[in-house]
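Read through the structure below, which is laid out as structure tokens, and then see the notes.
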Amino acid sequence: MNAELIEALNVLEKEKNISKETLLEAIEQSLLQACKNHFGKSDNVKVNINPETGDFSVFAEREVVENVEDPALQISLADARMRDPKYEIGDIVNVEVKSKEFGRIATQNAKNVILQKIREEERSVLYNQYYEKEHDVVTGIVQRYLGRNLSINLGKVDALLTENEMVKGESYRPNERIKVYVLEVKDTPKGPKILVSRTHPELVKRLFEAEVAEVREGIIEIKSIAREAGSRTKIAVWSNDPDVDAVGACVGMNGARVSAVVDELRGEKIDIINWDENPALLIENALSPAKVISVMADPDERTAEVIVPDYQLSLAIGKEGQNARLAARLTGFKIDIKSETQAREAGDFDYYEEEDYDEEFEEDGYDEGSAGAEEEDSRPEEE
């Protein structure tokens, strides 16, 4: 019987990842509970379990007295000396408790204690396992719709993809494998409750970490992300190694790396631009693929005025203002975009011949350059 017990504990440890020590502790507690139910108290009961063989013994410590008033705590001198003639009044005698003597109710309660401990430990193990994956990307299998929400199986537990965290226009089929970002893991009486997302900007960052070794190793940093899920994402990258091109590394040979991320996001366009500590150059890069004539940035007010060629105005603003909106989120600046004609009429821009546009000016926060045009060539997808 004891060999079967150890075998059962080994199986539980392997399948449910619950340590044998924890299970032996649960058995010990169940025996103490059974003694309490049988004798009315268990404060003086000691349980010894051999973790190798499964042999266990239960002893009740009883004080030697002349007249027994509480059989659970005391033993008569005569009975004590039947065990060992050396016992005297006041000594403590270890009296073995036979578990077979326990009643049906005490035995059932002991069983319930073990089962409850196993459930608690299983829930704790699952919570700890998935809590480590919080704010990370995991692969799940689409199960079924729960109203407007979606149940995603992550292996040992189901996660919830709410309607607000779904990408508009995406459809999900049962048994389809998708990657999701773990927003939060909560510990509940019924097990861990996991909330996941397909719209979070960090999903894009984690996907690039998986695809681009330089990002994963910290050689390239993703400084900022602005995303409109299902449509377009802009990311600003910076290389800590002057010999590594941040944008080129993220795009990959023939666009292989960025294409893998785009495929996982089901065709979502991704613009990759160079990060720059100079706000004006950063804003110019962020408005890629549009060409920029000049940027007037105010770091204190976090505002910027951008002048673009007349034929580039619609491209700079983007469809329904998307390009300008994402550039503003990416840089943290409120961006006001004007065409060359609008700026000249407002008196905000002194006319330069087109051949002078490539010159760069840096004075009182004013920068003029062609980084936007350069970024257009490095973009994995064309506008």
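Lettering and numbering for the structure tokens are positional, with chains as A, B, ... in the shown order, residues counted from 1 in each chain, and ligands counted from 1 in the shown order.
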Which of stretch 40-225 of chain A DSSP labels alpha helix (DSSP H), written as a PyMOL selection string: chain A and resi 77-83+104-131+201-211+213-217
6 Å contact set for stretch 338-341 of chain A, only C-alpha atoms, chain neighbours under 2 positions out, as a list in words: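 Final neighbour list, sorted by chain and number: Ile307, Val308, Pro309, Asp310, Leu313, Ala343 and Arg344 of chain A.
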Write the selection just made, keeping N, CA and C atoms, as an mmCIF file, in the first residue's frame?
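The result, stored in again.cif:
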```
data_model
loop_
_atom_site.group_PDB
_atom_site.id
_atom_site.type_symbol
_atom_site.label_atom_id
_atom_site.label_comp_id
_atom_site.auth_asym_id
_atom_site.auth_seq_id
_atom_site.Cartn_x
_atom_site.Cartn_y
_atom_site.Cartn_z
ATOM 1 N N ILE A 307 6.584 71.980 -42.350
ATOM 2 C CA ILE A 307 6.279 72.480 -43.685
ATOM 3 C C ILE A 307 6.716 71.421 -44.687
ATOM 4 N N VAL A 308 5.788 71.073 -45.577
ATOM 5 C CA VAL A 308 6.056 70.058 -46.594
ATOM 6 C C VAL A 308 5.751 70.651 -47.966
ATOM 7 N N PRO A 309 6.323 70.087 -49.031
ATOM 8 C CA PRO A 309 5.962 70.537 -50.380
ATOM 9 C C PRO A 309 4.466 70.375 -50.620
ATOM 10 N N ASP A 310 3.921 71.199 -51.478
ATOM 11 C CA ASP A 310 2.479 71.171 -51.726
ATOM 12 C C ASP A 310 2.000 69.774 -52.127
ATOM 13 N N LEU A 313 1.557 67.203 -49.152
ATOM 14 C CA LEU A 313 0.700 67.492 -47.996
ATOM 15 C C LEU A 313 -0.242 66.332 -47.679
ATOM 16 N N ALA A 343 2.248 77.970 -45.764
ATOM 17 C CA ALA A 343 3.227 78.589 -44.874
ATOM 18 C C ALA A 343 3.673 79.937 -45.399
ATOM 19 N N ARG A 344 3.871 80.032 -46.735
ATOM 20 C CA ARG A 344 4.309 81.303 -47.322
ATOM 21 C C ARG A 344 3.231 82.366 -47.190
#
```
For A:Asn94, please output as an mmCIF file with N, CA and C atoms, in the first residue's frame all residues within 12 Å (counting only C-alpha atoms; exclusion window: fewer than 3 positions along the same chain).
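Listed below is the output, out_22.cif:
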```cif
data_model
loop_
_atom_site.group_PDB
_atom_site.id
_atom_site.type_symbol
_atom_site.label_atom_id
_atom_site.label_comp_id
_atom_site.auth_asym_id
_atom_site.auth_seq_id
_atom_site.Cartn_x
_atom_site.Cartn_y
_atom_site.Cartn_z
ATOM 1 N N ASN A 44 -1.728 17.443 20.543
ATOM 2 C CA ASN A 44 -0.654 16.584 21.054
ATOM 3 C C ASN A 44 -0.305 15.445 20.115
ATOM 4 N N VAL A 45 -0.790 15.534 18.856
ATOM 5 C CA VAL A 45 -0.561 14.450 17.901
ATOM 6 C C VAL A 45 0.620 14.787 16.992
ATOM 7 N N LYS A 46 1.499 13.840 16.765
ATOM 8 C CA LYS A 46 2.644 13.995 15.889
ATOM 9 C C LYS A 46 2.569 12.947 14.778
ATOM 10 N N VAL A 47 2.884 13.378 13.554
ATOM 11 C CA VAL A 47 2.855 12.474 12.402
ATOM 12 C C VAL A 47 4.250 12.397 11.802
ATOM 13 N N SER A 57 3.686 6.971 10.639
ATOM 14 C CA SER A 57 3.231 6.603 11.988
ATOM 15 C C SER A 57 2.634 7.840 12.639
ATOM 16 N N VAL A 58 1.600 7.614 13.453
ATOM 17 C CA VAL A 58 0.916 8.681 14.158
ATOM 18 C C VAL A 58 1.012 8.404 15.656
ATOM 19 N N PHE A 59 1.523 9.384 16.427
ATOM 20 C CA PHE A 59 1.665 9.234 17.868
ATOM 21 C C PHE A 59 0.944 10.361 18.587
ATOM 22 N N ALA A 60 0.322 10.007 19.686
ATOM 23 C CA ALA A 60 -0.297 11.006 20.560
ATOM 24 C C ALA A 60 0.535 11.117 21.832
ATOM 25 N N GLU A 61 0.971 12.322 22.153
ATOM 26 C CA GLU A 61 1.746 12.543 23.376
ATOM 27 C C GLU A 61 0.791 12.675 24.563
ATOM 28 N N ARG A 62 0.925 11.763 25.542
ATOM 29 C CA ARG A 62 0.008 11.766 26.700
ATOM 30 C C ARG A 62 0.830 11.831 27.993
ATOM 31 N N GLU A 63 0.338 12.629 28.914
ATOM 32 C CA GLU A 63 1.018 12.817 30.193
ATOM 33 C C GLU A 63 0.613 11.708 31.186
ATOM 34 N N VAL A 64 1.599 11.211 31.912
ATOM 35 C CA VAL A 64 1.331 10.163 32.917
ATOM 36 C C VAL A 64 0.747 10.828 34.160
ATOM 37 N N ALA A 72 -7.610 11.765 25.910
ATOM 38 C CA ALA A 72 -6.900 12.207 24.709
ATOM 39 C C ALA A 72 -5.545 12.795 25.046
ATOM 40 N N LEU A 73 -5.408 13.309 26.277
ATOM 41 C CA LEU A 73 -4.170 13.986 26.681
ATOM 42 C C LEU A 73 -3.425 13.274 27.800
ATOM 43 N N GLN A 74 -4.058 12.329 28.477
ATOM 44 C CA GLN A 74 -3.463 11.721 29.669
ATOM 45 C C GLN A 74 -3.503 10.191 29.585
ATOM 46 N N ILE A 75 -2.628 9.585 30.364
ATOM 47 C CA ILE A 75 -2.585 8.138 30.476
ATOM 48 C C ILE A 75 -2.281 7.798 31.935
ATOM 49 N N ALA A 80 0.875 3.267 31.637
ATOM 50 C CA ALA A 80 2.195 3.699 31.166
ATOM 51 C C ALA A 80 3.251 2.664 31.523
ATOM 52 N N ARG A 83 3.772 -0.308 29.388
ATOM 53 C CA ARG A 83 4.595 -0.045 28.205
ATOM 54 C C ARG A 83 6.076 -0.017 28.573
ATOM 55 N N ASP A 84 6.355 0.643 29.710
ATOM 56 C CA ASP A 84 7.737 0.712 30.199
ATOM 57 C C ASP A 84 7.706 0.966 31.702
ATOM 58 N N TYR A 87 8.428 4.567 33.640
ATOM 59 C CA TYR A 87 7.618 5.793 33.602
ATOM 60 C C TYR A 87 7.211 6.202 35.012
ATOM 61 N N ASP A 91 5.675 12.171 33.330
ATOM 62 C CA ASP A 91 6.375 11.823 32.086
ATOM 63 C C ASP A 91 5.415 11.890 30.900
ATOM 64 N N VAL A 97 -1.252 5.829 17.384
ATOM 65 C CA VAL A 97 -2.656 5.952 16.977
ATOM 66 C C VAL A 97 -2.844 5.127 15.710
#
```
Can you build me a table of stretch 105-218 of chain A residues sitting at most 8 Å from stretch 249-252 of chain A, with the closest atom pair per residue and its distance in Å to one decimal, using only C-alpha atoms, sorted by chain and residue number, as a tab-separated table?
```
residue	atom	partner	partner_atom	distance
A:Phe208	CA	A:Cys250	CA	7.4
A:Val212	CA	A:Cys250	CA	6.2
A:Glu214	CA	A:Ala249	CA	7.4
```
Considering only C-alpha atoms, return as a PDB file with C-alpha atoms, in the first residue's frame whatever protein or nucleic-acid residues lie within 8 Å of A:Glu28, sequence-local ones (same chain, fewer than 4 positions apart) excluded.
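Output file selection16.pdb is given in full below:
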```pdb
ATOM      1  CA  LEU A  24       3.192  14.611   1.898  1.00  0.00           C
ATOM      2  CA  LEU A  32      -4.048  15.460  12.028  1.00  0.00           C
ATOM      3  CA  VAL A  47       2.855  12.474  12.402  1.00  0.00           C
ATOM      4  CA  ASN A  48       6.027  10.977  10.930  1.00  0.00           C
ATOM      5  CA  ILE A  49       6.165  10.131   7.213  1.00  0.00           C
TER       6      ILE A  49
END
```
For A:Lys223, work out the shell of residues within 8 Å, counting only C-alpha atoms and skipping chain neighbours fewer than 2 positions away, then give it as a PDB file with all heavy atoms, in the first residue's frame.
```pdb
ATOM      1  N   GLU A 221      17.309  48.957 -29.981  1.00  0.00           N
ATOM      2  CA  GLU A 221      16.221  49.277 -29.063  1.00  0.00           C
ATOM      3  C   GLU A 221      15.028  49.806 -29.842  1.00  0.00           C
ATOM      4  O   GLU A 221      15.191  50.613 -30.756  1.00  0.00           O
ATOM      5  CB  GLU A 221      16.657  50.326 -28.046  1.00  0.00           C
ATOM      6  CG  GLU A 221      17.730  49.876 -27.082  1.00  0.00           C
ATOM      7  CD  GLU A 221      18.061  50.964 -26.083  1.00  0.00           C
ATOM      8  OE1 GLU A 221      17.107  51.575 -25.543  1.00  0.00           O
ATOM      9  OE2 GLU A 221      19.251  51.231 -25.869  1.00  0.00           O
ATOM     10  N   ILE A 225       6.555  53.166 -30.019  1.00  0.00           N
ATOM     11  CA  ILE A 225       5.618  52.484 -30.919  1.00  0.00           C
ATOM     12  C   ILE A 225       4.297  53.245 -30.926  1.00  0.00           C
ATOM     13  O   ILE A 225       3.800  53.657 -29.876  1.00  0.00           O
ATOM     14  CB  ILE A 225       5.350  51.033 -30.474  1.00  0.00           C
ATOM     15  CG1 ILE A 225       6.632  50.200 -30.474  1.00  0.00           C
ATOM     16  CG2 ILE A 225       4.313  50.372 -31.375  1.00  0.00           C
ATOM     17  CD1 ILE A 225       6.425  48.766 -30.013  1.00  0.00           C
ATOM     18  N   ILE A 235       7.128  52.321 -35.782  1.00  0.00           N
ATOM     19  CA  ILE A 235       8.058  52.075 -34.684  1.00  0.00           C
ATOM     20  C   ILE A 235       9.352  52.846 -34.944  1.00  0.00           C
ATOM     21  O   ILE A 235       9.802  52.959 -36.088  1.00  0.00           O
ATOM     22  CB  ILE A 235       8.356  50.566 -34.497  1.00  0.00           C
ATOM     23  CG1 ILE A 235       9.146  50.002 -35.672  1.00  0.00           C
ATOM     24  CG2 ILE A 235       7.087  49.784 -34.283  1.00  0.00           C
ATOM     25  CD1 ILE A 235       9.635  48.584 -35.427  1.00  0.00           C
ATOM     26  N   ALA A 236       9.903  53.401 -33.873  1.00  0.00           N
ATOM     27  CA  ALA A 236      11.171  54.130 -33.951  1.00  0.00           C
ATOM     28  C   ALA A 236      12.248  53.277 -33.300  1.00  0.00           C
ATOM     29  O   ALA A 236      12.090  52.841 -32.160  1.00  0.00           O
ATOM     30  CB  ALA A 236      11.059  55.477 -33.244  1.00  0.00           C
ATOM     31  N   VAL A 237      13.333  53.025 -34.032  1.00  0.00           N
ATOM     32  CA  VAL A 237      14.379  52.131 -33.545  1.00  0.00           C
ATOM     33  C   VAL A 237      15.710  52.865 -33.460  1.00  0.00           C
ATOM     34  O   VAL A 237      15.955  53.838 -34.178  1.00  0.00           O
ATOM     35  CB  VAL A 237      14.512  50.889 -34.448  1.00  0.00           C
ATOM     36  CG1 VAL A 237      13.265  50.040 -34.385  1.00  0.00           C
ATOM     37  CG2 VAL A 237      14.799  51.287 -35.901  1.00  0.00           C
ATOM     38  N   TRP A 238      16.560  52.369 -32.571  1.00  0.00           N
ATOM     39  CA  TRP A 238      17.865  52.979 -32.328  1.00  0.00           C
ATOM     40  C   TRP A 238      18.889  51.868 -32.155  1.00  0.00           C
ATOM     41  O   TRP A 238      18.631  50.874 -31.480  1.00  0.00           O
ATOM     42  CB  TRP A 238      17.806  53.842 -31.073  1.00  0.00           C
ATOM     43  CG  TRP A 238      19.137  54.333 -30.587  1.00  0.00           C
ATOM     44  CD1 TRP A 238      19.925  53.751 -29.633  1.00  0.00           C
ATOM     45  CD2 TRP A 238      19.850  55.487 -31.037  1.00  0.00           C
ATOM     46  NE1 TRP A 238      21.075  54.473 -29.453  1.00  0.00           N
ATOM     47  CE2 TRP A 238      21.064  55.549 -30.303  1.00  0.00           C
ATOM     48  CE3 TRP A 238      19.577  56.469 -31.980  1.00  0.00           C
ATOM     49  CZ2 TRP A 238      21.995  56.560 -30.499  1.00  0.00           C
ATOM     50  CZ3 TRP A 238      20.511  57.474 -32.173  1.00  0.00           C
ATOM     51  CH2 TRP A 238      21.695  57.516 -31.442  1.00  0.00           C
ATOM     52  N   TRP A 275      15.192  56.435 -34.774  1.00  0.00           N
ATOM     53  CA  TRP A 275      14.994  57.325 -33.625  1.00  0.00           C
ATOM     54  C   TRP A 275      16.107  58.369 -33.613  1.00  0.00           C
ATOM     55  O   TRP A 275      17.248  58.091 -33.986  1.00  0.00           O
ATOM     56  CB  TRP A 275      15.020  56.514 -32.337  1.00  0.00           C
ATOM     57  CG  TRP A 275      15.037  57.349 -31.083  1.00  0.00           C
ATOM     58  CD1 TRP A 275      16.119  57.804 -30.404  1.00  0.00           C
ATOM     59  CD2 TRP A 275      13.896  57.832 -30.373  1.00  0.00           C
ATOM     60  NE1 TRP A 275      15.747  58.543 -29.314  1.00  0.00           N
ATOM     61  CE2 TRP A 275      14.370  58.568 -29.269  1.00  0.00           C
ATOM     62  CE3 TRP A 275      12.525  57.706 -30.558  1.00  0.00           C
ATOM     63  CZ2 TRP A 275      13.526  59.179 -28.358  1.00  0.00           C
ATOM     64  CZ3 TRP A 275      11.687  58.306 -29.648  1.00  0.00           C
ATOM     65  CH2 TRP A 275      12.163  59.033 -28.569  1.00  0.00           C
TER      66      TRP A 275
END
```
Test item, strand (DSSP E) assignment across stretch 87-288 of chain A, answer as a PyMOL selection string: chain A and resi 92-96+137-146+149-153+158-161+177-188+191-197+220-228+232-239+269-274
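Atom to atom, atom CA of A:Gln129 and atom CA of A:Asp187 stand 11.6 Å apart.
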